[in-house]
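What follows is the content of query22.cif, which has mmCIF, C-alpha atoms and all ligand atoms:
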```cif
data_query
#
loop_
_atom_site.label_atom_id
_atom_site.label_comp_id
_atom_site.auth_asym_id
_atom_site.auth_seq_id
_atom_site.Cartn_x
_atom_site.Cartn_y
_atom_site.Cartn_z
CA MET A 1 0.00 0.00 0.00
CA ARG A 2 2.71 2.52 1.14
CA LEU A 3 4.96 1.51 -1.85
CA ARG A 4 2.10 1.95 -4.39
CA ARG A 5 1.14 5.33 -2.79
CA TYR A 6 4.81 6.37 -3.02
CA HIS A 7 4.98 5.43 -6.70
CA ASP A 8 1.67 7.15 -7.40
CA HIS A 9 3.11 10.29 -5.91
CA VAL A 10 6.37 10.03 -7.84
CA LYS A 11 4.40 9.58 -11.07
CA LEU A 12 2.24 12.60 -10.18
CA ILE A 13 5.38 14.68 -9.46
CA TYR A 14 6.63 13.69 -12.89
CA LYS A 15 3.51 14.51 -14.80
CA THR A 16 3.24 17.90 -13.10
CA LEU A 17 6.94 18.75 -13.41
CA VAL A 18 7.24 17.65 -17.05
CA ALA A 19 4.05 19.60 -17.92
CA ARG A 20 5.50 22.61 -16.12
CA ASN A 21 8.65 22.29 -18.17
CA THR A 22 7.45 21.71 -21.65
CA LYS A 23 6.46 25.33 -21.52
CA THR A 24 10.05 26.53 -21.39
CA GLN A 25 12.57 25.46 -24.04
CA LEU A 26 16.13 24.47 -23.27
CA HIS A 27 17.79 27.79 -22.54
CA THR A 28 21.39 28.93 -22.56
CA ARG A 29 23.17 28.19 -19.39
CA THR A 30 23.83 30.81 -16.82
CA MET A 31 27.21 29.65 -15.91
CA THR A 32 29.62 27.89 -18.18
CA SER A 33 33.36 27.60 -18.06
CA ALA A 34 35.29 26.12 -20.93
CA ALA A 35 36.22 22.72 -19.75
CA THR A 36 39.87 21.90 -20.28
CA ILE A 37 39.55 18.28 -21.23
CA ASN A 38 41.99 15.95 -22.87
CA GLU A 39 40.60 14.74 -26.23
CA GLN A 40 42.40 11.39 -25.87
CA ASP A 41 40.52 10.76 -22.62
CA VAL A 42 37.30 11.74 -24.36
CA ALA A 43 38.07 9.29 -27.19
CA SER A 44 38.80 6.40 -24.79
CA PHE A 45 35.67 7.25 -22.81
CA HIS A 46 33.55 7.33 -25.98
CA LYS A 47 34.96 3.92 -27.04
CA HIS A 48 33.97 2.44 -23.67
CA LEU A 49 30.56 4.14 -23.78
CA ARG A 50 29.78 2.67 -27.21
CA GLY A 51 30.41 -0.83 -25.78
CA SER A 52 28.34 -0.26 -22.65
CA THR A 53 24.82 -1.51 -21.93
CA HIS A 54 24.64 -1.08 -18.15
CA ILE A 55 25.52 2.35 -16.77
CA LEU A 56 24.87 4.08 -13.46
CA ALA A 57 25.02 7.82 -12.81
CA LEU A 58 25.41 9.25 -9.28
CA LEU A 59 24.31 12.88 -9.15
CA GLY A 60 25.01 15.71 -6.71
CA ALA A 61 24.25 19.40 -6.28
CA GLY A 62 26.95 20.35 -8.83
CA LEU A 63 24.66 19.05 -11.60
CA SER A 64 22.11 21.74 -10.77
CA ALA A 65 24.62 24.54 -10.09
CA PRO A 66 24.64 25.60 -13.78
CA SER A 67 20.86 26.06 -13.49
CA GLY A 68 21.48 28.63 -10.76
CA LEU A 69 20.91 26.54 -7.61
CA PRO A 70 23.44 26.82 -4.75
CA THR A 71 25.36 23.67 -3.79
CA PHE A 72 25.83 22.54 -0.18
CA ARG A 73 29.48 23.37 -0.18
CA GLY A 74 30.87 26.85 -0.47
CA ALA A 75 28.50 29.80 -0.35
CA GLY A 76 25.43 27.60 -0.75
CA GLY A 77 26.34 25.71 2.41
CA LEU A 78 25.18 28.56 4.60
CA TRP A 79 21.55 29.68 4.82
CA ARG A 80 21.30 32.85 6.90
CA THR A 81 23.55 31.97 9.85
CA HIS A 82 22.75 28.27 9.64
CA ASP A 83 24.82 25.55 8.04
CA ALA A 84 22.49 23.82 5.56
CA VAL A 85 23.49 20.38 6.85
CA SER A 86 22.42 21.26 10.39
CA LEU A 87 19.02 22.52 9.18
CA ALA A 88 18.50 19.24 7.28
CA SER A 89 17.94 17.21 10.44
CA PRO A 90 15.00 15.95 12.55
CA GLU A 91 16.58 17.66 15.56
CA ALA A 92 16.46 21.07 13.82
CA PHE A 93 12.82 20.49 12.84
CA GLU A 94 11.94 19.47 16.39
CA ALA A 95 13.66 22.59 17.78
CA ASP A 96 12.25 25.15 15.30
CA PRO A 97 9.96 23.73 12.56
CA GLY A 98 9.16 27.27 11.35
CA LEU A 99 12.82 28.05 10.64
CA VAL A 100 13.37 24.72 8.89
CA TRP A 101 10.26 25.35 6.79
CA GLN A 102 11.51 28.82 5.85
CA PHE A 103 14.71 27.12 4.64
CA TYR A 104 12.81 24.53 2.54
CA ASN A 105 10.23 27.02 1.33
CA TYR A 106 13.11 29.14 0.03
CA ARG A 107 14.70 26.14 -1.74
CA ARG A 108 11.32 25.15 -3.26
CA HIS A 109 10.93 28.72 -4.54
CA MET A 110 14.42 28.71 -6.04
CA ALA A 111 13.98 25.28 -7.63
CA LEU A 112 10.61 26.25 -9.14
CA ASN A 113 12.14 29.36 -10.69
CA VAL A 114 15.13 27.80 -12.45
CA ASN A 115 15.24 25.29 -15.30
CA PRO A 116 17.02 22.02 -15.99
CA ASN A 117 20.29 22.46 -17.89
CA PRO A 118 21.79 20.45 -20.79
CA ALA A 119 23.29 17.89 -18.38
CA HIS A 120 19.81 17.04 -17.00
CA TYR A 121 18.50 16.67 -20.59
CA ALA A 122 21.49 14.59 -21.71
CA LEU A 123 20.98 12.10 -18.85
CA ALA A 124 17.24 11.95 -19.58
CA GLU A 125 18.03 11.25 -23.24
CA LEU A 126 20.50 8.50 -22.32
CA ALA A 127 17.81 6.87 -20.14
CA LYS A 128 15.35 6.91 -23.05
CA ARG A 129 17.88 5.24 -25.35
CA MET A 130 19.52 2.78 -22.90
CA PRO A 131 17.21 0.57 -20.79
CA GLY A 132 20.26 -0.54 -18.77
CA PHE A 133 20.93 3.05 -17.61
CA ALA A 134 19.83 4.16 -14.14
CA THR A 135 20.37 7.40 -12.23
CA LEU A 136 20.93 7.66 -8.48
CA SER A 137 20.23 11.29 -7.54
CA GLN A 138 21.05 12.99 -4.27
CA ASN A 139 19.24 16.10 -5.56
CA VAL A 140 15.79 17.00 -4.23
CA ASP A 141 15.24 19.96 -6.63
CA GLY A 142 12.99 18.19 -9.16
CA LEU A 143 15.12 19.24 -12.16
CA SER A 144 15.83 15.72 -13.48
CA PRO A 145 12.07 14.90 -13.57
CA ARG A 146 11.42 18.26 -15.27
CA ALA A 147 14.00 17.32 -17.93
CA GLY A 148 11.78 14.30 -18.73
CA HIS A 149 14.02 11.68 -17.15
CA PRO A 150 12.03 8.40 -17.24
CA PRO A 151 10.89 7.90 -13.60
CA GLU A 152 11.57 4.15 -13.51
CA GLN A 153 15.25 4.85 -14.27
CA LEU A 154 15.59 7.67 -11.74
CA HIS A 155 16.07 6.89 -8.05
CA LEU A 156 15.65 9.90 -5.74
CA LEU A 157 17.87 8.75 -2.88
CA HIS A 158 17.10 11.76 -0.67
CA GLY A 159 13.46 12.39 -1.59
CA SER A 160 12.04 15.55 -3.15
CA LEU A 161 11.27 19.14 -2.10
CA PHE A 162 7.88 18.68 -3.79
CA GLN A 163 6.81 15.73 -1.75
CA ILE A 164 5.24 16.62 1.58
CA LYS A 165 4.60 14.13 4.37
CA CYS A 166 3.35 13.97 7.96
CA ALA A 167 6.04 14.63 10.57
CA SER A 168 4.72 11.78 12.69
CA GLU A 169 6.48 8.45 12.10
CA ARG A 170 3.18 6.71 12.95
CA CYS A 171 1.36 8.33 10.00
CA ASP A 172 2.04 7.57 6.32
CA TYR A 173 0.33 10.62 4.85
CA VAL A 174 2.19 11.95 1.79
CA GLU A 175 1.17 14.47 -0.88
CA THR A 176 2.69 16.08 -3.96
CA ASN A 177 2.74 19.85 -3.59
CA PHE A 178 4.12 22.74 -5.65
CA ASP A 179 2.50 25.60 -3.75
CA ASP A 180 4.83 28.60 -3.55
CA PRO A 181 4.85 29.71 -0.80
CA PHE A 182 4.00 26.36 0.78
CA CYS A 183 1.59 28.13 3.15
CA GLU A 184 0.64 31.74 4.02
CA ALA A 185 2.82 31.79 7.13
CA LEU A 186 5.86 31.22 4.88
CA ARG A 187 5.05 34.02 2.41
CA PRO A 188 8.12 36.31 2.52
CA PRO A 189 7.18 39.66 4.12
CA GLU A 190 6.37 42.53 1.69
CA GLY A 191 9.38 44.30 0.25
CA ILE A 192 11.62 41.26 0.68
CA ILE A 193 13.74 40.75 -2.40
CA ASP A 194 12.72 37.76 -4.56
CA PRO A 195 16.08 36.10 -5.33
CA THR A 196 14.73 34.58 -8.53
CA ALA A 197 13.57 37.85 -10.07
CA ASN A 198 15.95 38.49 -12.99
CA SER A 199 16.17 42.14 -12.12
CA VAL A 200 17.81 41.41 -8.77
CA ARG A 201 19.30 37.93 -9.22
CA GLY A 202 22.36 37.92 -7.00
CA THR A 203 22.36 41.72 -6.63
CA ALA A 204 20.32 42.44 -3.47
CA PRO A 205 20.35 40.37 -0.27
CA ASP A 206 17.42 37.99 0.01
CA ILE A 207 16.14 35.98 2.99
CA SER A 208 19.08 33.56 2.69
CA ASP A 209 21.14 36.50 3.93
CA ALA A 210 21.03 36.97 7.72
CA SER A 211 21.05 40.76 7.27
CA VAL A 212 17.49 40.53 5.99
CA SER A 213 15.12 40.31 8.96
CA LEU A 214 12.77 37.34 8.88
CA PRO A 215 9.86 36.98 11.31
CA SER A 216 9.83 33.62 13.18
CA VAL A 217 7.03 31.23 12.25
CA PRO A 218 5.38 29.46 15.20
CA ARG A 219 4.58 25.72 14.90
CA SER A 220 0.86 26.59 15.24
CA ALA A 221 1.03 28.55 11.95
CA LEU A 222 2.25 25.49 10.01
CA PRO A 223 -0.26 23.25 8.21
CA SER A 224 -1.13 20.14 10.18
CA CYS A 225 -1.53 16.70 8.68
CA PRO A 226 -4.99 16.35 7.10
CA SER A 227 -4.93 12.62 7.88
CA CYS A 228 -3.94 12.15 11.53
CA LYS A 229 -4.42 15.83 12.46
CA SER A 230 -1.96 15.16 15.28
CA ASP A 231 1.21 16.52 13.74
CA VAL A 232 2.41 19.13 11.25
CA LEU A 233 3.52 18.46 7.67
CA ARG A 234 7.23 18.34 6.79
CA PRO A 235 9.26 18.31 3.55
CA GLY A 236 9.48 14.79 2.01
CA VAL A 237 13.29 14.81 2.01
CA VAL A 238 15.69 12.47 3.87
CA TRP A 239 17.32 14.31 6.73
CA PHE A 240 20.75 13.49 8.17
CA GLY A 241 20.37 10.58 10.59
CA GLU A 242 17.29 9.31 8.76
CA PRO A 243 17.32 6.15 6.65
CA LEU A 244 16.85 6.40 2.89
CA PRO A 245 13.41 5.32 1.58
CA GLU A 246 13.23 1.49 1.69
CA ASP A 247 11.61 1.20 -1.74
CA VAL A 248 14.33 3.36 -3.31
CA LEU A 249 17.10 1.34 -1.61
CA GLY A 250 15.31 -1.82 -2.75
CA ALA A 251 15.04 -0.64 -6.35
CA VAL A 252 18.74 0.31 -6.48
CA ASP A 253 19.79 -3.02 -4.95
CA ASP A 254 17.57 -4.84 -7.46
CA TYR A 255 19.31 -3.01 -10.33
CA ILE A 256 22.80 -3.82 -8.98
CA ASN A 257 22.02 -7.45 -8.03
CA SER A 258 20.19 -8.26 -11.27
CA ALA A 259 22.88 -6.75 -13.54
CA GLU A 260 25.26 -9.44 -14.77
CA LYS A 261 27.81 -6.65 -15.17
CA ILE A 262 27.87 -2.89 -14.84
CA ASP A 263 30.08 -1.22 -17.46
CA LEU A 264 30.33 2.31 -16.09
CA ILE A 265 29.37 4.61 -13.20
CA MET A 266 29.41 8.36 -13.86
CA VAL A 267 29.88 10.42 -10.67
CA ILE A 268 28.63 13.90 -11.56
CA GLY A 269 28.81 17.12 -9.51
CA THR A 270 29.13 15.55 -6.08
CA SER A 271 31.70 15.93 -3.30
CA SER A 272 31.04 12.24 -2.50
CA LYS A 273 30.94 13.03 1.22
CA VAL A 274 27.45 11.80 2.10
CA GLN A 275 26.72 8.12 2.76
CA PRO A 276 25.30 5.76 1.74
CA ALA A 277 24.92 7.63 -1.63
CA ALA A 278 28.65 8.13 -2.31
CA GLY A 279 29.34 4.49 -1.46
CA TYR A 280 27.48 3.07 -4.47
CA VAL A 281 30.74 3.34 -6.42
CA GLY A 282 31.90 0.26 -4.49
CA PRO A 283 29.22 -2.26 -5.58
CA ALA A 284 29.38 -0.82 -9.12
CA ARG A 285 33.15 -1.48 -9.26
CA ARG A 286 32.58 -5.01 -7.94
CA LYS A 287 30.29 -5.55 -10.95
CA GLY A 288 33.13 -4.49 -13.26
CA ALA A 289 32.24 -0.80 -13.68
CA ARG A 290 34.83 1.76 -14.71
CA VAL A 291 34.43 5.11 -12.94
CA CYS A 292 34.09 8.49 -14.66
CA VAL A 293 34.09 11.59 -12.44
CA ILE A 294 32.76 14.91 -13.81
CA ASN A 295 33.38 17.74 -11.40
CA MET A 296 34.42 21.38 -11.35
CA ASP A 297 36.93 20.52 -8.61
CA PRO A 298 39.60 17.92 -9.56
CA ASN A 299 40.08 17.12 -5.86
CA ASP A 300 36.55 15.74 -5.49
CA GLY A 301 37.26 12.15 -6.46
CA PRO A 302 35.10 9.04 -6.04
CA SER A 303 34.31 7.49 -2.65
CA GLY A 304 36.90 4.82 -1.97
CA GLY A 305 39.56 6.63 -4.06
CA TRP A 306 40.85 6.32 -7.63
CA ARG A 307 41.59 3.11 -9.54
CA LYS A 308 43.53 2.51 -12.75
CA GLY A 309 41.27 3.16 -15.78
CA ASP A 310 39.16 5.81 -14.03
CA TRP A 311 38.38 9.05 -15.91
CA MET A 312 38.37 12.53 -14.34
CA PHE A 313 36.86 15.31 -16.45
CA THR A 314 37.26 18.68 -14.74
CA GLY A 315 34.76 21.34 -15.68
CA ASP A 316 31.11 22.32 -15.86
CA ALA A 317 28.71 19.37 -15.94
CA ALA A 318 26.32 21.29 -18.22
CA VAL A 319 29.11 21.42 -20.85
CA LEU A 320 30.78 18.06 -20.25
CA VAL A 321 27.86 15.63 -19.82
CA PRO A 322 26.23 16.35 -23.23
CA LYS A 323 29.68 16.14 -24.89
CA LEU A 324 30.64 12.87 -23.21
CA LEU A 325 27.30 11.21 -23.98
CA GLU A 326 27.18 12.43 -27.59
CA PRO A 327 28.06 9.04 -29.21
CA VAL A 328 24.83 7.62 -27.76
CA ILE A 329 22.47 10.61 -27.50
CA GLY A 330 23.73 12.71 -30.42
CA SER A 331 23.70 16.46 -29.89
CA LEU A 332 20.88 17.95 -27.88
CA PRO A 333 18.49 20.45 -29.50
CA GLY A 334 20.14 23.87 -29.43
CA GLN A 335 23.55 22.20 -28.96
CA GLU A 336 24.25 21.38 -32.61
CA ASP A 337 27.64 22.82 -33.59
C1 LIG B 401 21.74 7.50 7.33
C2 LIG B 401 18.28 15.87 1.57
C3 LIG B 401 21.32 5.76 8.81
C4 LIG B 401 17.93 17.00 2.46
C5 LIG B 401 20.53 15.10 2.13
C6 LIG B 401 29.31 6.63 7.08
C7 LIG B 401 30.39 7.39 7.34
C8 LIG B 401 30.21 8.70 7.84
C9 LIG B 401 28.94 9.24 8.07
C10 LIG B 401 27.88 8.47 7.79
C11 LIG B 401 28.05 7.17 7.32
N1 LIG B 401 26.83 6.66 7.14
C12 LIG B 401 25.90 7.58 7.50
C13 LIG B 401 26.52 8.68 7.90
C14 LIG B 401 25.87 9.88 8.35
C15 LIG B 401 25.36 10.77 7.21
C16 LIG B 401 26.52 11.27 6.39
O1 LIG B 401 26.83 10.76 5.33
N2 LIG B 401 27.11 12.35 6.90
C17 LIG B 401 28.21 13.00 6.16
C18 LIG B 401 28.01 14.51 6.27
C19 LIG B 401 29.53 12.55 6.66
N3 LIG B 401 24.40 10.07 6.37
C20 LIG B 401 23.10 10.09 6.77
O2 LIG B 401 22.71 10.63 7.78
C21 LIG B 401 22.13 9.35 5.87
N4 LIG B 401 21.25 8.55 6.67
O3 LIG B 401 22.90 7.17 7.27
O4 LIG B 401 20.79 6.85 8.05
C22 LIG B 401 20.16 5.14 9.43
C23 LIG B 401 19.86 3.87 9.03
C24 LIG B 401 18.78 3.25 9.66
C25 LIG B 401 18.03 3.93 10.65
C26 LIG B 401 18.37 5.23 11.01
C27 LIG B 401 19.43 5.89 10.38
C28 LIG B 401 21.18 10.37 5.14
C29 LIG B 401 21.97 11.26 4.28
C30 LIG B 401 21.01 12.15 3.44
C31 LIG B 401 20.88 13.53 4.02
N5 LIG B 401 20.06 14.37 3.14
N6 LIG B 401 19.72 15.84 1.32
C32 LIG B 401 18.25 18.34 1.83
O5 LIG B 401 18.65 18.38 0.67
O6 LIG B 401 18.04 19.33 2.55
S1 LIG B 401 22.24 15.09 1.85
C33 LIG B 401 22.54 16.49 0.84
O7 LIG B 401 23.88 16.83 1.06
C34 LIG B 401 22.42 16.26 -0.63
O8 LIG B 401 21.33 15.45 -0.97
C35 LIG B 401 23.76 15.60 -0.95
O9 LIG B 401 23.72 14.24 -0.66
C36 LIG B 401 24.69 16.26 0.05
C37 LIG B 401 25.45 17.37 -0.60
O10 LIG B 401 26.46 16.76 -1.33
P1 LIG B 401 26.64 17.11 -2.90
O11 LIG B 401 25.36 16.93 -3.59
O12 LIG B 401 27.81 16.38 -3.35
O13 LIG B 401 26.90 18.69 -2.89
P2 LIG B 401 28.19 19.47 -2.38
O14 LIG B 401 27.76 20.87 -2.27
O15 LIG B 401 28.80 18.80 -1.19
O16 LIG B 401 29.24 19.34 -3.58
C38 LIG B 401 28.94 19.90 -4.83
C39 LIG B 401 29.95 19.30 -5.79
O17 LIG B 401 29.66 19.76 -7.09
C40 LIG B 401 31.39 19.70 -5.49
O18 LIG B 401 32.20 18.56 -5.68
C41 LIG B 401 31.69 20.76 -6.55
O19 LIG B 401 33.05 20.78 -6.91
C42 LIG B 401 30.84 20.27 -7.70
N7 LIG B 401 30.40 21.30 -8.65
C43 LIG B 401 29.95 22.55 -8.38
N8 LIG B 401 29.55 23.17 -9.54
C44 LIG B 401 29.72 22.26 -10.54
C45 LIG B 401 30.26 21.06 -9.98
N9 LIG B 401 30.55 19.98 -10.72
C46 LIG B 401 30.32 20.07 -12.07
N10 LIG B 401 29.78 21.18 -12.68
C47 LIG B 401 29.48 22.28 -11.96
N11 LIG B 401 28.98 23.36 -12.59
ZN ZN B 402 -0.34 12.46 9.85
#
```
Just give me the structure as structure tokens.
Ligand code: BV8
Ligand code: ZN
Amino acid sequence: MRLRRYHDHVKLIYKTLVARNTKTQLHTRTMTSAATINEQDVASFHKHLRGSTHILALLGAGLSAPSGLPTFRGAGGLWRTHDAVSLASPEAFEADPGLVWQFYNYRRHMALNVNPNPAHYALAELAKRMPGFATLSQNVDGLSPRAGHPPEQLHLLHGSLFQIKCASERCDYVETNFDDPFCEALRPPEGIIDPTANSVRGTAPDISDASVSLPSVPRSALPSCPSCKSDVLRPGVVWFGEPLPEDVLGAVDDYINSAEKIDLIMVIGTSSKVQPAAGYVGPARRKGARVCVINMDPNDGPSGGWRKGDWMFTGDAAVLVPKLLEPVIGSLPGQED
């Protein structure tokens, strides 16, 4: 029952997100940096890709950075005076659910006001053309679904900003929700800068900046669960210290255990610091996979370290992923040379 409800919700998220996105065409990236890549490495990678049937991709916040979303590391790691990781915990929600909701309401608003980038589309295209391809995403921003990534080949390891559930562990209420703001109590006060408005993007401080005053939101002002009515609603994401969704873990294990061999795992835009997500490189290697890391920072290697035959492509995922997958997906619309 719970599993079917979960899948119904995921499907609903997809339909809504894809519908939302067909409106806006692929648009030029906001941030690109010429990637200094070695053409020989690209050639050897392309040769291996052409011979591959079973591929995994492990995604992190760096994949969505070119769309304009902050990562967890660096500047994005701090929301007001709070370290994002500390806000993403049951303890923080217990202590101040209003503050944690302001944090997630802000991230929902940001995610709803940016678009997938060519890397999201390239991975979605690979999934459509290669049944043996599956994506393990740590991202909760909904951009892979909006890029039309087939849901059965996309495993959201850490949930989604657009899934809402009851905060009580005894209640299995879940809903799909794109309201922005999530509720009236979270509507930014008048005169507060909207960080997604083109006119101000990145120019004026917004509520993620502690210098902008933000009224506190009492627990009583937060929507309560329409099912058990005994607790408030919370974001449907996996917080630190919480287990990953059983059905998602099950689906990923099924993929790995049923694959006779795995040819390749692409580790894209992640610092590989969070477990168990980063650790999937291990079982993939044990199934024969070669590892390809795509990251802006050459120091952010795969969990478990480098092995002979691994590829490291340093640069912007939005530039590199379409280029590296070209032999299978061709060039994306608007990317033709
Ligand atoms: C659990 C959802 C157990 C919420 C997230 C083993 C060892 C040590 C610690 C642990 C361990 N096992 C478990 C732990 C504890 C913990 C953990 O891993 N802690 C870390 C900090 C050490 N793990 C957990 O708590 C997990 N749960 O273990 O439960 C359990 C079992 C049974 C019963 C009870 C409990 C749950 C972890 C999930 C937490 N939720 N997100 C939210 O989003 O708010 S994690 C969140 O942070 C993201 O989802 C992601 O996973 C992580 C951020 O990492 P990245 O995505 O990699 O982003 P980051 O900013 O770090 O890096 C960006 C990268 O992109 C950089 O490399 C940068 O160079 C690159 N980049 C930037 N721009 C570009 C680019 N690359 C290419 N192109 C660009 N343009
Ligand atoms: Zn409930």
Counting all atoms listed in the file, give me one row per residue of segment 100-177 of chain A with an atom at most 12 Å from an atom of segment 209-229 of chain A, showing the shortest contact pair and its distance in Å to one decimal, sorted by chain then residue number, as a tab-separated table.
```
residue	atom	partner	partner_atom	distance
A:Val100	CA	A:Val217	CA	9.7
A:Trp101	CA	A:Leu222	CA	8.6
A:Gln102	CA	A:Val217	CA	8.2
A:Phe103	CA	A:Leu214	CA	11.2
A:Asn105	CA	A:Leu222	CA	11.9
A:Tyr106	CA	A:Asp209	CA	11.6
A:Ile164	CA	A:Cys225	CA	9.8
A:Lys165	CA	A:Cys225	CA	7.9
A:Cys166	CA	A:Cys225	CA	5.6
A:Ala167	CA	A:Cys225	CA	8.1
A:Ser168	CA	A:Cys228	CA	8.7
A:Glu169	CA	A:Cys228	CA	11.1
A:Arg170	CA	A:Cys228	CA	9.1
A:Cys171	CA	A:Cys228	CA	6.7
A:Asp172	CA	A:Ser227	CA	8.7
A:Tyr173	CA	A:Ser227	CA	6.4
A:Val174	CA	A:Cys225	CA	9.2
A:Glu175	CA	A:Cys225	CA	10.2
```
### Message
At a cut-off of 6 Å around ligand LIG 401 (chain B), and using all atoms listed in the file, what residues come up? Please write them as an MDAnalysis selection string.
### Response
chainID A and resid 60:63 65:66 71:73 88 138:140 158 237:243 269:276 294:297 300 315:317
For those residues, write C-alpha atoms to a file as an mmCIF file, in the coordinates of the input.
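Output saved as again25.cif:
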```
data_model
loop_
_atom_site.group_PDB
_atom_site.id
_atom_site.type_symbol
_atom_site.label_atom_id
_atom_site.label_comp_id
_atom_site.auth_asym_id
_atom_site.auth_seq_id
_atom_site.Cartn_x
_atom_site.Cartn_y
_atom_site.Cartn_z
ATOM 1 C CA GLY A 60 25.010 15.710 -6.710
ATOM 2 C CA ALA A 61 24.250 19.400 -6.280
ATOM 3 C CA GLY A 62 26.950 20.350 -8.830
ATOM 4 C CA LEU A 63 24.660 19.050 -11.600
ATOM 5 C CA ALA A 65 24.620 24.540 -10.090
ATOM 6 C CA PRO A 66 24.640 25.600 -13.780
ATOM 7 C CA THR A 71 25.360 23.670 -3.790
ATOM 8 C CA PHE A 72 25.830 22.540 -0.180
ATOM 9 C CA ARG A 73 29.480 23.370 -0.180
ATOM 10 C CA ALA A 88 18.500 19.240 7.280
ATOM 11 C CA GLN A 138 21.050 12.990 -4.270
ATOM 12 C CA ASN A 139 19.240 16.100 -5.560
ATOM 13 C CA VAL A 140 15.790 17.000 -4.230
ATOM 14 C CA HIS A 158 17.100 11.760 -0.670
ATOM 15 C CA VAL A 237 13.290 14.810 2.010
ATOM 16 C CA VAL A 238 15.690 12.470 3.870
ATOM 17 C CA TRP A 239 17.320 14.310 6.730
ATOM 18 C CA PHE A 240 20.750 13.490 8.170
ATOM 19 C CA GLY A 241 20.370 10.580 10.590
ATOM 20 C CA GLU A 242 17.290 9.310 8.760
ATOM 21 C CA PRO A 243 17.320 6.150 6.650
ATOM 22 C CA GLY A 269 28.810 17.120 -9.510
ATOM 23 C CA THR A 270 29.130 15.550 -6.080
ATOM 24 C CA SER A 271 31.700 15.930 -3.300
ATOM 25 C CA SER A 272 31.040 12.240 -2.500
ATOM 26 C CA LYS A 273 30.940 13.030 1.220
ATOM 27 C CA VAL A 274 27.450 11.800 2.100
ATOM 28 C CA GLN A 275 26.720 8.120 2.760
ATOM 29 C CA PRO A 276 25.300 5.760 1.740
ATOM 30 C CA ILE A 294 32.760 14.910 -13.810
ATOM 31 C CA ASN A 295 33.380 17.740 -11.400
ATOM 32 C CA MET A 296 34.420 21.380 -11.350
ATOM 33 C CA ASP A 297 36.930 20.520 -8.610
ATOM 34 C CA ASP A 300 36.550 15.740 -5.490
ATOM 35 C CA GLY A 315 34.760 21.340 -15.680
ATOM 36 C CA ASP A 316 31.110 22.320 -15.860
ATOM 37 C CA ALA A 317 28.710 19.370 -15.940
#
```
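Nearest residue to ligand ZN 402 (chain B) among A:Arg234, A:Ile207, A:His46, A:Thr135 is A:Arg234, counting only C-alpha atoms and all ligand atoms.
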### Task
Choose the residue, out of A:Pro181, A:Gly282, A:Gly305, A:Gly288, that has the smallest atom-to-atom separation from Tyr104 of chain A; count all atoms listed in the file.
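Closest candidate: A:Pro181.
With distances restricted to all atoms listed in the file, A:Leu69 is the closest residue to Arg108 of chain A from A:Leu156, A:Leu78, A:Leu136, A:Leu69.
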